[in-house]
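Peer 1: Next comes target-v3.cif, mmCIF, C-alpha atoms:
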```cif
data_entry
loop_
_atom_site.label_atom_id
_atom_site.label_comp_id
_atom_site.auth_asym_id
_atom_site.auth_seq_id
_atom_site.Cartn_x
_atom_site.Cartn_y
_atom_site.Cartn_z
CA MET O 1 0.00 0.00 0.00
CA ASP O 2 1.24 3.50 -0.76
CA LEU O 3 2.21 5.43 2.36
CA SER O 4 0.07 8.35 1.21
CA THR O 5 -2.95 6.05 0.81
CA PHE O 6 -2.39 4.60 4.28
CA ALA O 7 -2.18 8.04 5.87
CA ASP O 8 -5.18 9.35 3.91
CA ARG O 9 -7.32 6.38 4.99
CA LEU O 10 -6.47 6.98 8.65
CA ASP O 11 -7.07 10.72 8.33
CA GLU O 12 -10.49 10.13 6.81
CA ARG O 13 -11.52 7.50 9.36
CA LEU O 14 -10.34 9.60 12.32
CA ARG O 15 -11.58 12.97 10.96
CA THR O 16 -8.11 14.39 11.48
CA ASP O 17 -8.84 17.72 9.77
CA ASP O 18 -11.70 18.46 12.16
CA TYR O 19 -9.23 18.70 15.05
CA ALA O 20 -6.69 20.93 13.31
CA ASP O 21 -7.66 24.09 15.20
CA ILE O 22 -8.01 22.55 18.67
CA ASP O 23 -5.09 20.13 18.94
CA ALA O 24 -1.49 21.23 19.50
CA SER O 25 -0.34 17.93 18.02
CA ALA O 26 0.50 17.83 14.33
CA ASN O 27 -1.84 14.94 13.61
CA GLY O 28 -1.43 12.81 10.54
CA LEU O 29 1.84 11.89 8.84
CA GLN O 30 4.49 13.71 10.90
CA VAL O 31 7.57 12.15 9.31
CA GLY O 32 7.69 10.42 5.96
CA PRO O 33 8.54 10.75 2.27
CA ASP O 34 6.15 12.10 -0.32
CA GLU O 35 6.36 8.70 -1.98
CA GLY O 36 6.73 5.43 -0.15
CA THR O 37 5.11 2.09 0.44
CA VAL O 38 3.89 0.32 3.55
CA GLU O 39 3.76 -3.43 4.11
CA ARG O 40 4.42 -3.73 7.84
CA VAL O 41 3.23 -1.23 10.45
CA ALA O 42 4.15 -0.97 14.12
CA PHE O 43 1.86 0.59 16.72
CA ALA O 44 2.71 2.19 20.08
CA VAL O 45 1.29 4.73 22.49
CA ASP O 46 4.33 7.03 22.48
CA GLY O 47 6.67 8.23 19.78
CA ALA O 48 10.14 8.01 21.36
CA VAL O 49 13.59 6.69 20.56
CA GLU O 50 12.70 3.39 22.24
CA THR O 51 9.65 2.76 20.04
CA PHE O 52 11.40 4.05 16.91
CA GLU O 53 14.29 1.64 17.35
CA ARG O 54 12.01 -1.28 18.20
CA ALA O 55 9.85 -0.54 15.16
CA ALA O 56 12.97 -0.59 13.01
CA GLU O 57 14.03 -3.91 14.56
CA ALA O 58 10.58 -5.26 13.65
CA ASP O 59 11.27 -4.22 10.04
CA ALA O 60 8.30 -1.85 10.04
CA ASP O 61 7.85 0.70 7.28
CA ALA O 62 5.74 2.98 9.48
CA LEU O 63 4.97 3.53 13.13
CA VAL O 64 1.56 4.75 14.32
CA VAL O 65 1.45 6.43 17.74
CA HIS O 66 -0.90 8.45 19.92
CA HIS O 67 1.73 10.86 21.26
CA GLY O 68 3.99 12.17 18.53
CA LEU O 69 6.93 14.53 18.38
CA SER O 70 5.55 17.78 17.01
CA TRP O 71 3.46 19.94 19.36
CA GLY O 72 3.35 23.22 17.49
CA GLY O 73 6.33 22.58 15.22
CA PHE O 74 10.11 22.56 15.56
CA ASP O 75 12.15 25.74 15.77
CA ARG O 76 15.41 23.86 15.26
CA VAL O 77 16.25 20.22 14.68
CA THR O 78 19.18 20.09 17.07
CA GLY O 79 20.05 18.49 20.39
CA ARG O 80 17.39 16.22 21.80
CA THR O 81 15.03 16.87 18.88
CA TYR O 82 17.70 15.73 16.43
CA ASP O 83 18.46 12.65 18.55
CA ARG O 84 14.78 11.66 18.55
CA LEU O 85 14.31 12.14 14.82
CA GLU O 86 17.56 10.46 13.78
CA PRO O 87 16.30 6.84 14.08
CA LEU O 88 13.36 7.64 11.79
CA PHE O 89 15.65 8.90 9.04
CA GLU O 90 18.32 6.26 9.63
CA HIS O 91 15.80 3.43 9.21
CA ASP O 92 13.55 5.12 6.64
CA LEU O 93 10.67 4.83 9.11
CA ALA O 94 7.51 6.90 8.65
CA LEU O 95 5.67 8.28 11.69
CA TYR O 96 1.89 8.72 11.78
CA VAL O 97 0.30 10.43 14.80
CA SER O 98 -3.26 10.72 16.07
CA HIS O 99 -3.75 12.54 19.36
CA LEU O 100 -7.16 14.08 20.12
CA PRO O 101 -8.85 12.48 17.09
CA LEU O 102 -7.95 9.11 18.58
CA ASP O 103 -9.10 10.11 22.05
CA GLY O 104 -12.57 11.08 20.96
CA HIS O 105 -13.45 8.69 18.12
CA ARG O 106 -16.79 7.08 18.93
CA GLU O 107 -15.73 3.54 18.00
CA LEU O 108 -11.94 3.47 17.72
CA GLY O 109 -11.00 5.95 20.43
CA ASN O 110 -9.33 5.59 23.79
CA ALA O 111 -12.43 6.66 25.72
CA ALA O 112 -14.49 4.19 23.71
CA GLY O 113 -12.08 1.44 24.71
CA VAL O 114 -12.37 2.24 28.42
CA ALA O 115 -16.15 2.45 28.04
CA ASP O 116 -16.10 -1.00 26.44
CA VAL O 117 -14.17 -2.41 29.40
CA LEU O 118 -16.81 -1.04 31.76
CA GLY O 119 -19.69 -2.05 29.49
CA LEU O 120 -21.13 1.46 29.54
CA GLU O 121 -24.59 1.76 28.02
CA ASP O 122 -26.50 4.72 26.57
CA ARG O 123 -23.23 6.36 25.62
CA GLU O 124 -22.90 9.94 24.50
CA PRO O 125 -19.98 12.18 23.59
CA PHE O 126 -18.34 13.89 26.55
CA GLY O 127 -15.39 16.15 27.26
CA GLU O 128 -16.22 19.15 25.10
CA LEU O 129 -13.29 20.85 23.39
CA GLY O 130 -14.39 23.46 20.93
CA PRO O 131 -16.77 21.80 18.46
CA GLU O 132 -15.48 18.30 19.27
CA HIS O 133 -15.50 15.88 22.21
CA ILE O 134 -12.62 13.78 23.49
CA GLY O 135 -14.43 11.43 25.88
CA GLN O 136 -17.58 9.44 26.48
CA ARG O 137 -20.20 9.16 29.19
CA GLY O 138 -22.62 6.34 29.94
CA THR O 139 -24.28 4.17 32.55
CA LEU O 140 -23.01 0.94 34.03
CA PRO O 141 -25.17 -2.15 33.47
CA ASN O 142 -24.81 -2.83 37.19
CA THR O 143 -23.78 -0.38 39.87
CA TYR O 144 -20.32 -0.59 41.36
CA ALA O 145 -18.98 0.31 44.74
CA PRO O 146 -16.13 2.82 44.28
CA ASP O 147 -13.38 0.32 45.09
CA GLY O 148 -15.07 -2.25 42.86
CA LEU O 149 -14.88 0.11 39.88
CA ALA O 150 -11.20 0.75 40.56
CA GLU O 151 -10.52 -2.98 40.86
CA ARG O 152 -12.29 -3.67 37.56
CA LEU O 153 -10.10 -1.17 35.76
CA GLU O 154 -6.96 -2.42 37.48
CA SER O 155 -7.68 -5.96 36.33
CA GLU O 156 -8.50 -5.02 32.73
CA LEU O 157 -6.07 -2.20 31.88
CA GLU O 158 -2.37 -2.42 31.11
CA THR O 159 -1.33 -0.71 34.34
CA ASP O 160 2.20 -2.19 34.48
CA ASP O 161 1.38 -3.62 37.92
CA ARG O 162 0.60 -0.16 39.27
CA SER O 163 -2.44 0.35 41.48
CA VAL O 164 -5.37 2.35 40.14
CA ARG O 165 -5.81 5.35 42.41
CA LEU O 166 -9.24 6.33 43.69
CA LEU O 167 -10.29 9.71 45.05
CA GLU O 168 -13.38 8.47 46.86
CA PHE O 169 -15.65 11.44 47.44
CA GLY O 170 -18.87 10.48 45.66
CA PRO O 171 -21.90 8.25 46.29
CA ASP O 172 -21.70 4.73 47.71
CA GLU O 173 -22.91 3.23 44.42
CA ILE O 174 -21.61 4.34 41.02
CA GLU O 175 -23.91 4.17 38.02
CA ASP O 176 -23.16 7.17 35.77
CA VAL O 177 -19.54 7.38 34.56
CA ALA O 178 -17.65 9.92 32.43
CA VAL O 179 -14.42 8.90 30.70
CA VAL O 180 -11.72 11.30 29.52
CA THR O 181 -8.47 9.38 29.05
CA GLY O 182 -4.94 10.61 29.65
CA SER O 183 -4.95 13.87 31.56
CA GLY O 184 -8.68 14.56 31.82
CA VAL O 185 -9.22 16.15 35.22
CA ASP O 186 -9.71 19.57 33.60
CA TRP O 187 -13.19 18.33 32.67
CA LEU O 188 -14.23 17.76 36.28
CA ASP O 189 -16.66 20.70 36.23
CA GLU O 190 -18.38 19.21 33.17
CA VAL O 191 -18.64 15.88 34.99
CA VAL O 192 -20.33 17.62 37.93
CA GLU O 193 -22.68 19.56 35.69
CA ALA O 194 -23.67 16.37 33.89
CA GLY O 195 -24.56 14.71 37.19
CA ALA O 196 -22.15 11.80 36.75
CA ASP O 197 -21.02 9.82 39.79
CA ALA O 198 -17.42 9.35 38.72
CA LEU O 199 -14.75 10.51 36.31
CA VAL O 200 -12.38 7.88 34.95
CA THR O 201 -9.15 9.34 33.61
CA GLY O 202 -5.45 8.63 33.52
CA GLU O 203 -3.57 11.02 35.74
CA GLY O 204 -4.43 13.82 38.13
CA LYS O 205 -3.23 17.21 39.28
CA GLN O 206 -2.77 18.43 42.83
CA GLN O 207 -5.91 20.55 42.90
CA VAL O 208 -8.24 17.79 41.72
CA TYR O 209 -8.20 16.22 45.18
CA HIS O 210 -9.87 19.24 46.75
CA GLU O 211 -12.08 19.93 43.73
CA ALA O 212 -13.44 16.38 43.73
CA ARG O 213 -13.92 16.40 47.48
CA GLU O 214 -15.81 19.70 47.43
CA ALA O 215 -17.95 18.54 44.50
CA GLY O 216 -18.74 15.16 46.07
CA ILE O 217 -17.60 13.08 43.11
CA HIS O 218 -15.28 10.11 42.59
CA VAL O 219 -12.18 10.40 40.42
CA VAL O 220 -10.47 7.22 39.26
CA LEU O 221 -6.85 7.65 38.12
CA ALA O 222 -6.05 4.56 36.08
CA GLY O 223 -2.81 5.72 34.46
CA HIS O 224 -2.15 7.90 31.42
CA TYR O 225 -0.53 5.10 29.44
CA ALA O 226 -3.01 2.47 30.59
CA THR O 227 -6.06 4.45 29.47
CA GLU O 228 -4.56 5.23 26.07
CA THR O 229 -3.55 1.88 24.61
CA PHE O 230 -7.02 1.25 23.18
CA GLY O 231 -6.92 3.63 20.25
CA VAL O 232 -3.67 2.44 18.72
CA ARG O 233 -4.73 -1.18 19.21
CA ALA O 234 -7.97 -0.43 17.36
CA LEU O 235 -5.98 1.12 14.51
CA GLN O 236 -3.79 -1.97 14.45
CA GLU O 237 -6.87 -4.12 13.86
CA LEU O 238 -7.97 -1.72 11.13
CA ALA O 239 -4.60 -1.95 9.38
CA GLU O 240 -4.81 -5.75 9.48
CA GLU O 241 -8.22 -5.53 7.78
CA TRP O 242 -6.47 -3.55 5.03
CA GLY O 243 -4.08 -6.45 4.48
CA LEU O 244 -1.03 -5.03 6.27
CA GLU O 245 1.27 -6.91 8.63
CA THR O 246 1.34 -5.34 12.09
CA THR O 247 3.05 -5.46 15.45
CA PHE O 248 2.28 -3.74 18.77
CA LEU O 249 5.11 -2.34 20.85
CA GLU O 250 4.50 -2.41 24.57
CA ALA O 251 6.36 0.45 26.25
CA PRO O 252 4.48 1.19 29.50
CA THR O 253 5.58 4.21 31.49
CA GLY O 254 3.77 3.39 34.73
CA LEU O 255 2.36 6.93 34.66
#
```
Let me see the structure of the file written as structure tokens.
Peer 2:
Amino acid sequence: MDLSTFADRLDERLRTDDYADIDASANGLQVGPDEGTVERVAFAVDGAVETFERAAEADADALVVHHGLSWGGFDRVTGRTYDRLEPLFEHDLALYVSHLPLDGHRELGNAAGVADVLGLEDREPFGELGPEHIGQRGTLPNTYAPDGLAERLESELETDDRSVRLLEFGPDEIEDVAVVTGSGVDWLDEVVEAGADALVTGEGKQQVYHEAREAGIHVVLAGHYATETFGVRALQELAEEWGLETTFLEAPTGL
């Protein structure tokens, strides 16, 4: 498959252009030739020297990641930026990135994957960001006690043996859940306004402890990496449907 065709198919499926004005990430093909072919694709959460070198070892023609390298462009390709880009050029490896489009996609996204784990029903878009949404909200088929919800996520997510953290300030039984993966605590006010019982996200900030306590709502911190493996895995399955060979590169950060 032509590299341009591969990138165009992903862009169309993920509605990449719709996020151009709200995402600092340069989504789409970040590194790659104007002409090229793709037979084997590697997938990972993060674009870093580790995943670049492992993708090259796997003889991949392209690497698809959630967190890329360009967040507003490069002023100079020197120092650490040069060191990170060098393996891509050395191994003729293309880099495709999907950040917020892959968070919010209704079927392929990270939030959708967490919602699938929890079996959320009556789902709706959540986590408003401009005209788009980057999360999902729904109801559990059966209520959970707060620690039960945390345990479910800990058993199902790739947490790298880290405990899921629970800020337990909400009701005794959880039914209505909002999911914003990664660093989603900035949407706590929206969770409160929506009347949800809990926010499931990846990582927190210092102030969220007091904000959640004052609002009377649970916050489940299941790990940034752990909540954002779903999207790239879904894209891997999509690439296999297109007849491409694939490999997934586990590189958990524990964060």
Peer 1: Which one of O:Glu39, O:Asp75, O:Asp160, O:Asp103 sits closest to Leu63 of chain O if you count all atoms listed in the file?
Peer 2: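 Using all atoms listed in the file, the shortest distance to Leu63 of chain O belongs to O:Glu39.
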Peer 1: Calculated over all atoms listed in the file, which of the candidates O:Asp189, O:Asp23, O:Glu241, O:Glu35 has the smallest distance to Ser98 of chain O?
Peer 2: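 Selected residue with least distance to Ser98 of chain O: O:Asp23.
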Peer 1: For Ala26 of chain O, which residue among O:Gly73, O:Gly79, O:Gly47, O:Pro252 is the nearest when counting only C-alpha atoms?
Peer 2: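 Selected residue with least distance to Ala26 of chain O: O:Gly73.
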Peer 1: Given the file shown, enumerate the residues that the PyMOL selection byres ((chain O and resi 112-119) around 7) captures and present them as a PyMOL selection string.
Peer 2: chain O and resi 106-111+120-121+136+140-141+227+230
Peer 1: Nearest to Asp2 of chain O: which of O:Phe52, O:Phe248, O:Trp242, O:Tyr209 is it, counting only C-alpha atoms?
Peer 2: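 For Asp2 of chain O, the nearest of the candidates is O:Trp242.
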